[in-house]
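Undergrad: Dropping in structure04.cif, with mmCIF, N, CA and C atoms.
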```
data_start
#
loop_
_atom_site.label_atom_id
_atom_site.label_comp_id
_atom_site.auth_asym_id
_atom_site.auth_seq_id
_atom_site.Cartn_x
_atom_site.Cartn_y
_atom_site.Cartn_z
N MET A 1 52.43 80.69 43.99
CA MET A 1 53.24 81.88 44.10
C MET A 1 54.36 81.81 43.09
N GLY A 2 54.67 82.94 42.46
CA GLY A 2 55.69 82.98 41.43
C GLY A 2 56.98 83.58 41.93
N THR A 3 57.99 83.48 41.09
CA THR A 3 59.30 84.05 41.36
C THR A 3 59.53 85.18 40.38
N GLY A 4 59.87 86.36 40.86
CA GLY A 4 60.13 87.50 39.97
C GLY A 4 61.42 87.31 39.22
N ILE A 5 61.36 87.54 37.91
CA ILE A 5 62.57 87.45 37.09
C ILE A 5 62.65 88.68 36.18
N ALA A 6 63.85 89.03 35.82
CA ALA A 6 64.07 90.12 34.88
C ALA A 6 65.20 89.71 33.95
N ALA A 7 65.21 90.29 32.76
CA ALA A 7 66.25 89.99 31.79
C ALA A 7 66.77 91.30 31.22
N ALA A 8 68.09 91.35 30.99
CA ALA A 8 68.71 92.58 30.51
C ALA A 8 69.92 92.27 29.66
N ILE A 9 70.29 93.23 28.84
CA ILE A 9 71.51 93.15 28.04
C ILE A 9 72.49 94.18 28.62
N PRO A 10 73.67 93.74 29.02
CA PRO A 10 74.65 94.70 29.54
C PRO A 10 75.17 95.60 28.42
N ILE A 11 75.11 96.91 28.64
CA ILE A 11 75.62 97.88 27.68
C ILE A 11 77.07 98.22 28.02
N VAL A 12 77.35 98.45 29.31
CA VAL A 12 78.71 98.74 29.77
C VAL A 12 79.05 97.76 30.89
N LEU A 13 80.20 97.09 30.76
CA LEU A 13 80.69 96.13 31.76
C LEU A 13 82.02 96.62 32.29
N ARG A 14 82.22 96.42 33.57
CA ARG A 14 83.50 96.79 34.20
C ARG A 14 83.74 95.85 35.38
N PRO A 15 84.97 95.79 35.87
CA PRO A 15 85.22 94.98 37.07
C PRO A 15 84.43 95.55 38.26
N TYR A 16 84.17 94.71 39.24
CA TYR A 16 83.51 95.20 40.45
C TYR A 16 84.30 96.36 41.03
N ARG A 17 83.63 97.33 41.58
CA ARG A 17 84.30 98.51 42.14
C ARG A 17 85.27 98.15 43.27
N ASP A 18 84.97 97.08 43.99
CA ASP A 18 85.81 96.69 45.13
C ASP A 18 87.10 95.99 44.70
N PHE A 19 87.18 95.62 43.43
CA PHE A 19 88.35 94.89 42.94
C PHE A 19 88.96 95.65 41.76
N TRP A 20 90.26 95.62 41.66
CA TRP A 20 90.93 96.35 40.59
C TRP A 20 91.32 95.46 39.43
N GLU A 21 91.10 94.17 39.56
CA GLU A 21 91.50 93.31 38.47
C GLU A 21 90.51 93.39 37.30
N LYS A 22 90.95 92.97 36.15
CA LYS A 22 90.13 93.01 34.95
C LYS A 22 89.08 91.91 34.97
N ILE A 23 88.05 92.08 34.16
CA ILE A 23 87.05 91.03 33.99
C ILE A 23 87.74 89.83 33.36
N LYS A 24 87.44 88.66 33.85
CA LYS A 24 88.06 87.45 33.32
C LYS A 24 87.21 86.91 32.17
N ARG A 25 87.79 86.92 30.99
CA ARG A 25 87.08 86.46 29.80
C ARG A 25 86.63 85.01 29.92
N ARG A 26 87.34 84.22 30.70
CA ARG A 26 86.98 82.81 30.85
C ARG A 26 85.63 82.63 31.54
N ASP A 27 85.14 83.68 32.21
CA ASP A 27 83.86 83.60 32.90
C ASP A 27 82.67 83.80 31.96
N PHE A 28 82.93 84.05 30.68
CA PHE A 28 81.88 84.34 29.71
C PHE A 28 81.93 83.34 28.56
N SER A 29 80.87 83.29 27.78
CA SER A 29 80.84 82.37 26.64
C SER A 29 81.92 82.76 25.64
N GLU A 30 82.27 81.82 24.79
CA GLU A 30 83.44 81.93 23.91
C GLU A 30 83.49 83.23 23.09
N ASN A 31 82.43 83.63 22.45
CA ASN A 31 82.47 84.79 21.57
C ASN A 31 81.77 86.02 22.15
N PHE A 32 81.47 86.02 23.42
CA PHE A 32 80.74 87.11 24.05
C PHE A 32 81.38 88.47 23.80
N PHE A 33 82.68 88.59 23.97
CA PHE A 33 83.36 89.87 23.90
C PHE A 33 83.58 90.37 22.47
N GLU A 34 83.23 89.57 21.48
CA GLU A 34 83.27 90.06 20.10
C GLU A 34 82.20 91.12 19.89
N ASN A 35 81.23 91.20 20.78
CA ASN A 35 80.14 92.16 20.69
C ASN A 35 80.42 93.47 21.42
N TYR A 36 81.62 93.60 21.97
CA TYR A 36 81.98 94.77 22.79
C TYR A 36 83.29 95.38 22.33
N THR A 37 83.45 96.67 22.58
CA THR A 37 84.75 97.32 22.43
C THR A 37 85.30 97.50 23.84
N VAL A 38 86.61 97.58 23.96
CA VAL A 38 87.24 97.73 25.25
C VAL A 38 88.00 99.06 25.29
N ASP A 39 88.00 99.71 26.45
CA ASP A 39 88.70 101.00 26.58
C ASP A 39 90.21 100.78 26.63
N GLU A 40 90.94 101.88 26.68
CA GLU A 40 92.40 101.81 26.65
C GLU A 40 93.01 101.12 27.87
N THR A 41 92.28 101.06 28.98
CA THR A 41 92.80 100.37 30.16
C THR A 41 92.60 98.86 30.07
N GLY A 42 91.76 98.42 29.13
CA GLY A 42 91.49 97.00 28.97
C GLY A 42 90.51 96.46 29.99
N SER A 43 89.76 97.33 30.65
CA SER A 43 88.87 96.83 31.71
C SER A 43 87.41 97.25 31.57
N ILE A 44 87.08 98.21 30.74
CA ILE A 44 85.68 98.63 30.58
C ILE A 44 85.23 98.29 29.17
N TYR A 45 84.18 97.48 29.09
CA TYR A 45 83.66 97.01 27.82
C TYR A 45 82.34 97.70 27.52
N THR A 46 82.16 98.12 26.26
CA THR A 46 80.93 98.77 25.84
C THR A 46 80.40 98.04 24.61
N ILE A 47 79.10 97.74 24.63
CA ILE A 47 78.51 97.02 23.51
C ILE A 47 78.71 97.82 22.22
N LYS A 48 78.92 97.14 21.12
CA LYS A 48 79.08 97.81 19.84
C LYS A 48 77.72 98.38 19.43
N PRO A 49 77.65 99.69 19.26
CA PRO A 49 76.36 100.33 18.95
C PRO A 49 75.67 99.75 17.72
N GLU A 50 76.45 99.46 16.68
CA GLU A 50 75.85 98.94 15.46
C GLU A 50 75.18 97.58 15.68
N LEU A 51 75.74 96.77 16.57
CA LEU A 51 75.13 95.48 16.90
C LEU A 51 73.78 95.69 17.59
N LEU A 52 73.76 96.57 18.55
CA LEU A 52 72.53 96.85 19.29
C LEU A 52 71.46 97.46 18.39
N ILE A 53 71.80 98.48 17.65
CA ILE A 53 70.83 99.20 16.82
C ILE A 53 70.26 98.31 15.73
N SER A 54 71.08 97.49 15.11
CA SER A 54 70.60 96.66 14.00
C SER A 54 69.81 95.43 14.46
N ASN A 55 69.83 95.13 15.76
CA ASN A 55 69.18 93.89 16.22
C ASN A 55 68.14 94.05 17.32
N TYR A 56 67.99 95.20 17.93
CA TYR A 56 67.15 95.30 19.12
C TYR A 56 65.68 94.96 18.85
N GLN A 57 65.12 95.38 17.73
CA GLN A 57 63.71 95.11 17.45
C GLN A 57 63.47 93.63 17.19
N SER A 58 64.28 93.01 16.35
CA SER A 58 64.10 91.58 16.07
C SER A 58 64.39 90.75 17.31
N PHE A 59 65.33 91.18 18.12
CA PHE A 59 65.63 90.46 19.37
C PHE A 59 64.41 90.42 20.28
N ILE A 60 63.77 91.58 20.48
CA ILE A 60 62.59 91.64 21.35
C ILE A 60 61.48 90.75 20.81
N THR A 61 61.23 90.83 19.52
CA THR A 61 60.19 90.01 18.90
C THR A 61 60.46 88.53 19.14
N GLU A 62 61.68 88.10 18.90
CA GLU A 62 62.03 86.69 19.06
C GLU A 62 62.00 86.27 20.53
N PHE A 63 62.51 87.09 21.42
CA PHE A 63 62.52 86.75 22.84
C PHE A 63 61.10 86.54 23.36
N TYR A 64 60.23 87.51 23.12
CA TYR A 64 58.86 87.39 23.62
C TYR A 64 58.13 86.22 22.97
N SER A 65 58.42 85.93 21.71
CA SER A 65 57.83 84.76 21.05
C SER A 65 58.29 83.47 21.74
N CYS A 66 59.57 83.40 22.09
CA CYS A 66 60.11 82.20 22.75
C CYS A 66 59.48 81.93 24.11
N ILE A 67 59.14 82.99 24.83
CA ILE A 67 58.55 82.79 26.16
C ILE A 67 57.03 82.77 26.12
N GLY A 68 56.47 82.90 24.92
CA GLY A 68 55.02 82.80 24.77
C GLY A 68 54.25 84.00 25.28
N GLU A 69 54.87 85.17 25.24
CA GLU A 69 54.19 86.39 25.66
C GLU A 69 54.16 87.37 24.50
N ASP A 70 53.23 88.31 24.59
CA ASP A 70 53.06 89.31 23.55
C ASP A 70 53.71 90.61 23.98
N TYR A 71 54.72 91.04 23.22
CA TYR A 71 55.39 92.29 23.58
C TYR A 71 54.45 93.48 23.47
N GLU A 72 53.53 93.44 22.56
CA GLU A 72 52.64 94.59 22.33
C GLU A 72 51.95 95.05 23.60
N ALA A 73 51.79 94.15 24.58
CA ALA A 73 51.18 94.53 25.86
C ALA A 73 52.04 95.55 26.60
N GLU A 74 53.33 95.59 26.28
CA GLU A 74 54.25 96.53 26.93
C GLU A 74 54.16 97.94 26.33
N GLY A 75 53.64 98.04 25.14
CA GLY A 75 53.55 99.35 24.49
C GLY A 75 54.27 99.33 23.16
N GLU A 76 54.37 100.47 22.54
CA GLU A 76 54.99 100.58 21.23
C GLU A 76 56.51 100.57 21.34
N MET A 77 57.14 99.83 20.44
CA MET A 77 58.60 99.76 20.40
C MET A 77 59.15 100.98 19.66
N PRO A 78 59.98 101.78 20.31
CA PRO A 78 60.59 102.92 19.60
C PRO A 78 61.43 102.45 18.42
N CYS A 79 61.47 103.25 17.40
CA CYS A 79 62.27 102.95 16.21
C CYS A 79 63.38 103.99 16.13
N VAL A 80 64.63 103.55 16.24
CA VAL A 80 65.78 104.46 16.20
C VAL A 80 66.82 103.91 15.24
N ASP A 81 67.72 104.79 14.78
CA ASP A 81 68.75 104.33 13.86
C ASP A 81 70.17 104.71 14.28
N ASN A 82 70.32 105.20 15.53
CA ASN A 82 71.66 105.44 16.06
C ASN A 82 71.62 105.33 17.59
N TYR A 83 72.79 105.19 18.18
CA TYR A 83 72.84 104.92 19.61
C TYR A 83 72.37 106.11 20.46
N ASN A 84 72.66 107.33 20.06
CA ASN A 84 72.19 108.49 20.83
C ASN A 84 70.67 108.51 20.91
N ASP A 85 70.01 108.25 19.78
CA ASP A 85 68.55 108.19 19.78
C ASP A 85 68.04 107.00 20.60
N PHE A 86 68.81 105.91 20.61
CA PHE A 86 68.45 104.74 21.42
C PHE A 86 68.42 105.12 22.90
N GLU A 87 69.46 105.83 23.36
CA GLU A 87 69.51 106.25 24.76
C GLU A 87 68.35 107.18 25.11
N ILE A 88 68.00 108.06 24.22
CA ILE A 88 66.89 108.99 24.46
C ILE A 88 65.56 108.23 24.49
N ALA A 89 65.36 107.36 23.51
CA ALA A 89 64.09 106.63 23.40
C ALA A 89 63.86 105.67 24.56
N PHE A 90 64.92 105.08 25.10
CA PHE A 90 64.78 104.08 26.15
C PHE A 90 65.25 104.58 27.52
N ASP A 91 65.33 105.87 27.70
CA ASP A 91 65.77 106.46 28.97
C ASP A 91 64.88 105.98 30.12
N GLY A 92 65.46 105.25 31.05
CA GLY A 92 64.71 104.68 32.16
C GLY A 92 64.13 105.70 33.11
N LYS A 93 64.60 106.93 33.07
CA LYS A 93 64.06 107.98 33.94
C LYS A 93 62.79 108.59 33.34
N LYS A 94 62.58 108.39 32.04
CA LYS A 94 61.42 108.98 31.36
C LYS A 94 60.44 107.94 30.83
N ARG A 95 60.92 106.72 30.65
CA ARG A 95 60.10 105.66 30.05
C ARG A 95 59.54 104.78 31.16
N TYR A 96 58.25 104.52 31.10
CA TYR A 96 57.60 103.75 32.17
C TYR A 96 57.13 102.38 31.71
N SER A 97 57.63 101.93 30.56
CA SER A 97 57.31 100.59 30.10
C SER A 97 58.58 99.94 29.57
N LEU A 98 58.55 98.63 29.47
CA LEU A 98 59.70 97.90 28.94
C LEU A 98 59.79 98.11 27.45
N PRO A 99 60.99 98.01 26.90
CA PRO A 99 62.30 97.98 27.55
C PRO A 99 62.76 99.40 27.91
N TYR A 100 63.77 99.46 28.79
CA TYR A 100 64.32 100.75 29.19
C TYR A 100 65.76 100.58 29.66
N LEU A 101 66.51 101.67 29.62
CA LEU A 101 67.91 101.68 30.06
C LEU A 101 68.00 102.07 31.53
N LYS A 102 68.87 101.41 32.25
CA LYS A 102 69.19 101.76 33.64
C LYS A 102 70.70 101.97 33.72
N ASP A 103 71.12 102.84 34.63
CA ASP A 103 72.54 103.14 34.73
C ASP A 103 73.08 103.05 36.14
N TYR A 104 72.54 102.15 36.92
CA TYR A 104 73.12 101.88 38.23
C TYR A 104 73.27 100.38 38.37
N SER A 105 74.29 99.95 39.06
CA SER A 105 74.62 98.53 39.05
C SER A 105 74.02 97.74 40.20
N MET A 106 73.28 98.37 41.06
CA MET A 106 72.75 97.65 42.23
C MET A 106 71.74 96.56 41.86
N ALA A 107 71.09 96.67 40.72
CA ALA A 107 70.03 95.72 40.39
C ALA A 107 70.47 94.61 39.45
N PHE A 108 71.58 94.76 38.79
CA PHE A 108 71.97 93.79 37.77
C PHE A 108 73.47 93.57 37.83
N ASN A 109 73.88 92.42 38.30
CA ASN A 109 75.29 92.08 38.37
C ASN A 109 75.57 90.89 37.47
N ILE A 110 76.81 90.78 37.06
CA ILE A 110 77.23 89.68 36.21
C ILE A 110 78.41 88.98 36.86
N LEU A 111 78.66 87.78 36.44
CA LEU A 111 79.80 87.03 36.94
C LEU A 111 81.09 87.75 36.55
N GLY A 112 81.89 88.05 37.52
CA GLY A 112 83.19 88.65 37.25
C GLY A 112 83.19 90.15 37.07
N GLY A 113 82.08 90.80 37.30
CA GLY A 113 82.04 92.24 37.12
C GLY A 113 80.67 92.81 37.39
N GLU A 114 80.45 94.01 36.92
CA GLU A 114 79.15 94.65 37.07
C GLU A 114 78.81 95.39 35.79
N SER A 115 77.53 95.57 35.57
CA SER A 115 77.07 96.32 34.42
C SER A 115 76.61 97.68 34.91
N THR A 116 77.32 98.71 34.51
CA THR A 116 76.98 100.06 34.96
C THR A 116 75.93 100.71 34.08
N LYS A 117 75.60 100.08 32.97
CA LYS A 117 74.47 100.49 32.14
C LYS A 117 73.94 99.23 31.47
N TYR A 118 72.62 99.05 31.51
CA TYR A 118 72.03 97.88 30.90
C TYR A 118 70.64 98.19 30.39
N TRP A 119 70.18 97.36 29.45
CA TRP A 119 68.90 97.52 28.78
C TRP A 119 67.97 96.42 29.28
N VAL A 120 67.04 96.77 30.15
CA VAL A 120 66.08 95.80 30.70
C VAL A 120 64.99 95.59 29.66
N PHE A 121 64.81 94.33 29.24
CA PHE A 121 63.80 94.07 28.22
C PHE A 121 62.69 93.13 28.68
N TYR A 122 62.80 92.59 29.89
CA TYR A 122 61.73 91.74 30.40
C TYR A 122 61.70 91.81 31.92
N HIS A 123 60.50 91.84 32.44
CA HIS A 123 60.30 91.73 33.88
C HIS A 123 58.96 91.04 34.08
N GLY A 124 58.99 89.92 34.75
CA GLY A 124 57.78 89.15 34.94
C GLY A 124 57.95 88.16 36.07
N SER A 125 57.22 87.09 36.00
CA SER A 125 57.36 86.08 37.04
C SER A 125 57.28 84.69 36.43
N PHE A 126 57.90 83.78 37.10
CA PHE A 126 57.88 82.38 36.73
C PHE A 126 57.01 81.65 37.74
N LYS A 127 55.99 80.99 37.24
CA LYS A 127 55.08 80.25 38.12
C LYS A 127 55.15 78.78 37.72
N PRO A 128 55.87 78.00 38.49
CA PRO A 128 56.00 76.58 38.14
C PRO A 128 54.63 75.88 38.21
N GLU A 129 54.44 74.94 37.28
CA GLU A 129 53.22 74.16 37.30
C GLU A 129 53.30 73.15 38.43
N ILE A 130 52.26 73.09 39.21
CA ILE A 130 52.20 72.14 40.31
C ILE A 130 51.32 70.98 39.89
N PRO A 131 51.88 69.76 39.89
CA PRO A 131 51.11 68.59 39.42
C PRO A 131 49.98 68.23 40.37
#
```
Show me this structure written as structure tokens.
TA:
Amino acid sequence: MGTGIAAAIPIVLRPYRDFWEKIKRRDFSENFFENYTVDETGSIYTIKPELLISNYQSFITEFYSCIGEDYEAEGEMPCVDNYNDFEIAFDGKKRYSLPYLKDYSMAFNILGGESTKYWVFYHGSFKPEIP
């Protein structure tokens, strides 16, 4: 029997709704927030669109190669050159294959906050080898 796993990139991060304090940077890797812009309140982080757009295709190729799976089984990878087209191409309400965007936080939480929008790029299972 396997364990279901999923992987995603947070697009928008914010503190948990039940807490008013800011996300604690110490809870993340050293340079994590260099990839995000922060709003005027200092509490909502959004991934830099240029980082996402310039790297999403190579990221998927490398990730699937690392786990020994073929992405092509998921379908054709959309090709976009701006963030608005990215949202349209990966809209989770219209797209039925990986990767896709989701905009509710019930399924994907992070340490110290929640992701109110994220890009799911893998869903599968881990089946440990039994000796």
Undergrad: Please give the complete set of residues from segment 2-128 of chain A that DSSP, run on the backbone, assigns to strand (DSSP E or B), formatted as a PyMOL selection string.
TA: chain A and resi 3-14+36-38+45-47+91+100-102+109-110+113-126
Undergrad: With only C-alpha atoms as the basis for distance, which of A:Lys22, A:Lys117, A:Arg95, A:Lys102 is at the shortest distance from Gly75 of chain A?
TA: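 Among the listed residues, the smallest separation from Gly75 of chain A belongs to A:Arg95.
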Undergrad: Report the residues retrieved by the PyMOL selection byres (((chain A and resi 62-73 and name CA) around 12) and name CA) from the displayed file, expressed as a PyMOL selection string.
TA: chain A and resi 7-8+55-61+74-78+97-99+121-126
Undergrad: Select all residues near (64.3, 104.1, 24.4) (cut-off 8 Å, inclusive, file coordinates), counting only N, CA and C atoms, and output them as a list in words.
TA: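 Neighbouring residues, ordered by chain and number, come to Met77, Pro78, Cys79, Asp85, Phe86, Glu87, Ile88, Ala89, Phe90, Asp91, Gly92, Arg95, Pro99, Tyr100 and Leu101 of chain A.
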Undergrad: List every residue of chain A that DSSP, applied to the backbone of this structure, assigns to helix (DSSP H, G or I), and report them as a VMD selection string.
TA: chain A and resid 25 to 27 32 to 35 49 to 66 71 to 74 83 to 89
Undergrad: With distances taken over all atoms listed in the file, which residue among A:Asn82, A:Tyr36, A:Pro49, A:Phe28 lies nearest Leu111 of chain A?
TA: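 Smallest separation from Leu111 of chain A among the options: A:Phe28.
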Undergrad: Could you state which residues are captured by the PyMOL selection byres (((chain A and resi 35 and name CA) around 6) and name CA) in this file, as a list in words?
TA: Phe33, Glu34, Tyr36, Ile47 and Lys48 of chain A
Undergrad: Can you measure atom CA of Tyr96 of chain A to atom CA of Ile5 of chain A for me? One decimal in Å is fine.
TA: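 So the two atoms, atom CA of Tyr96 of chain A and atom CA of Ile5 of chain A, lie 17.7 Å apart.
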Undergrad: Starting from the shown file, work through the PyMOL selection byres ((chain A and resi 13) around 7) and note down what comes out as a VMD selection string.
TA: chain A and resid 10 to 12 14 to 15 43 to 47 113 to 117
Undergrad: Mind pulling up the distance from atom CA of Ile110 of chain A to atom CA of Lys94 of chain A?
TA: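 Taking atom CA of Lys94 of chain A and atom CA of Ile110 of chain A, their separation equals 25.4 Å.
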Undergrad: What is the distance between atom CA of Asp27 of chain A and atom N of Ser54 of chain A, in Å to one decimal?
TA: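 Calculated distance between atom CA of Asp27 of chain A and atom N of Ser54 of chain A is 25.9 Å.
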Undergrad: Using all atoms listed in the file, which residue out of A:Asp81, A:Asp103, A:Gly42, A:Val120 lies closest to Ile23 of chain A?
TA: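 For Ile23 of chain A, the nearest of the given residues is A:Gly42.
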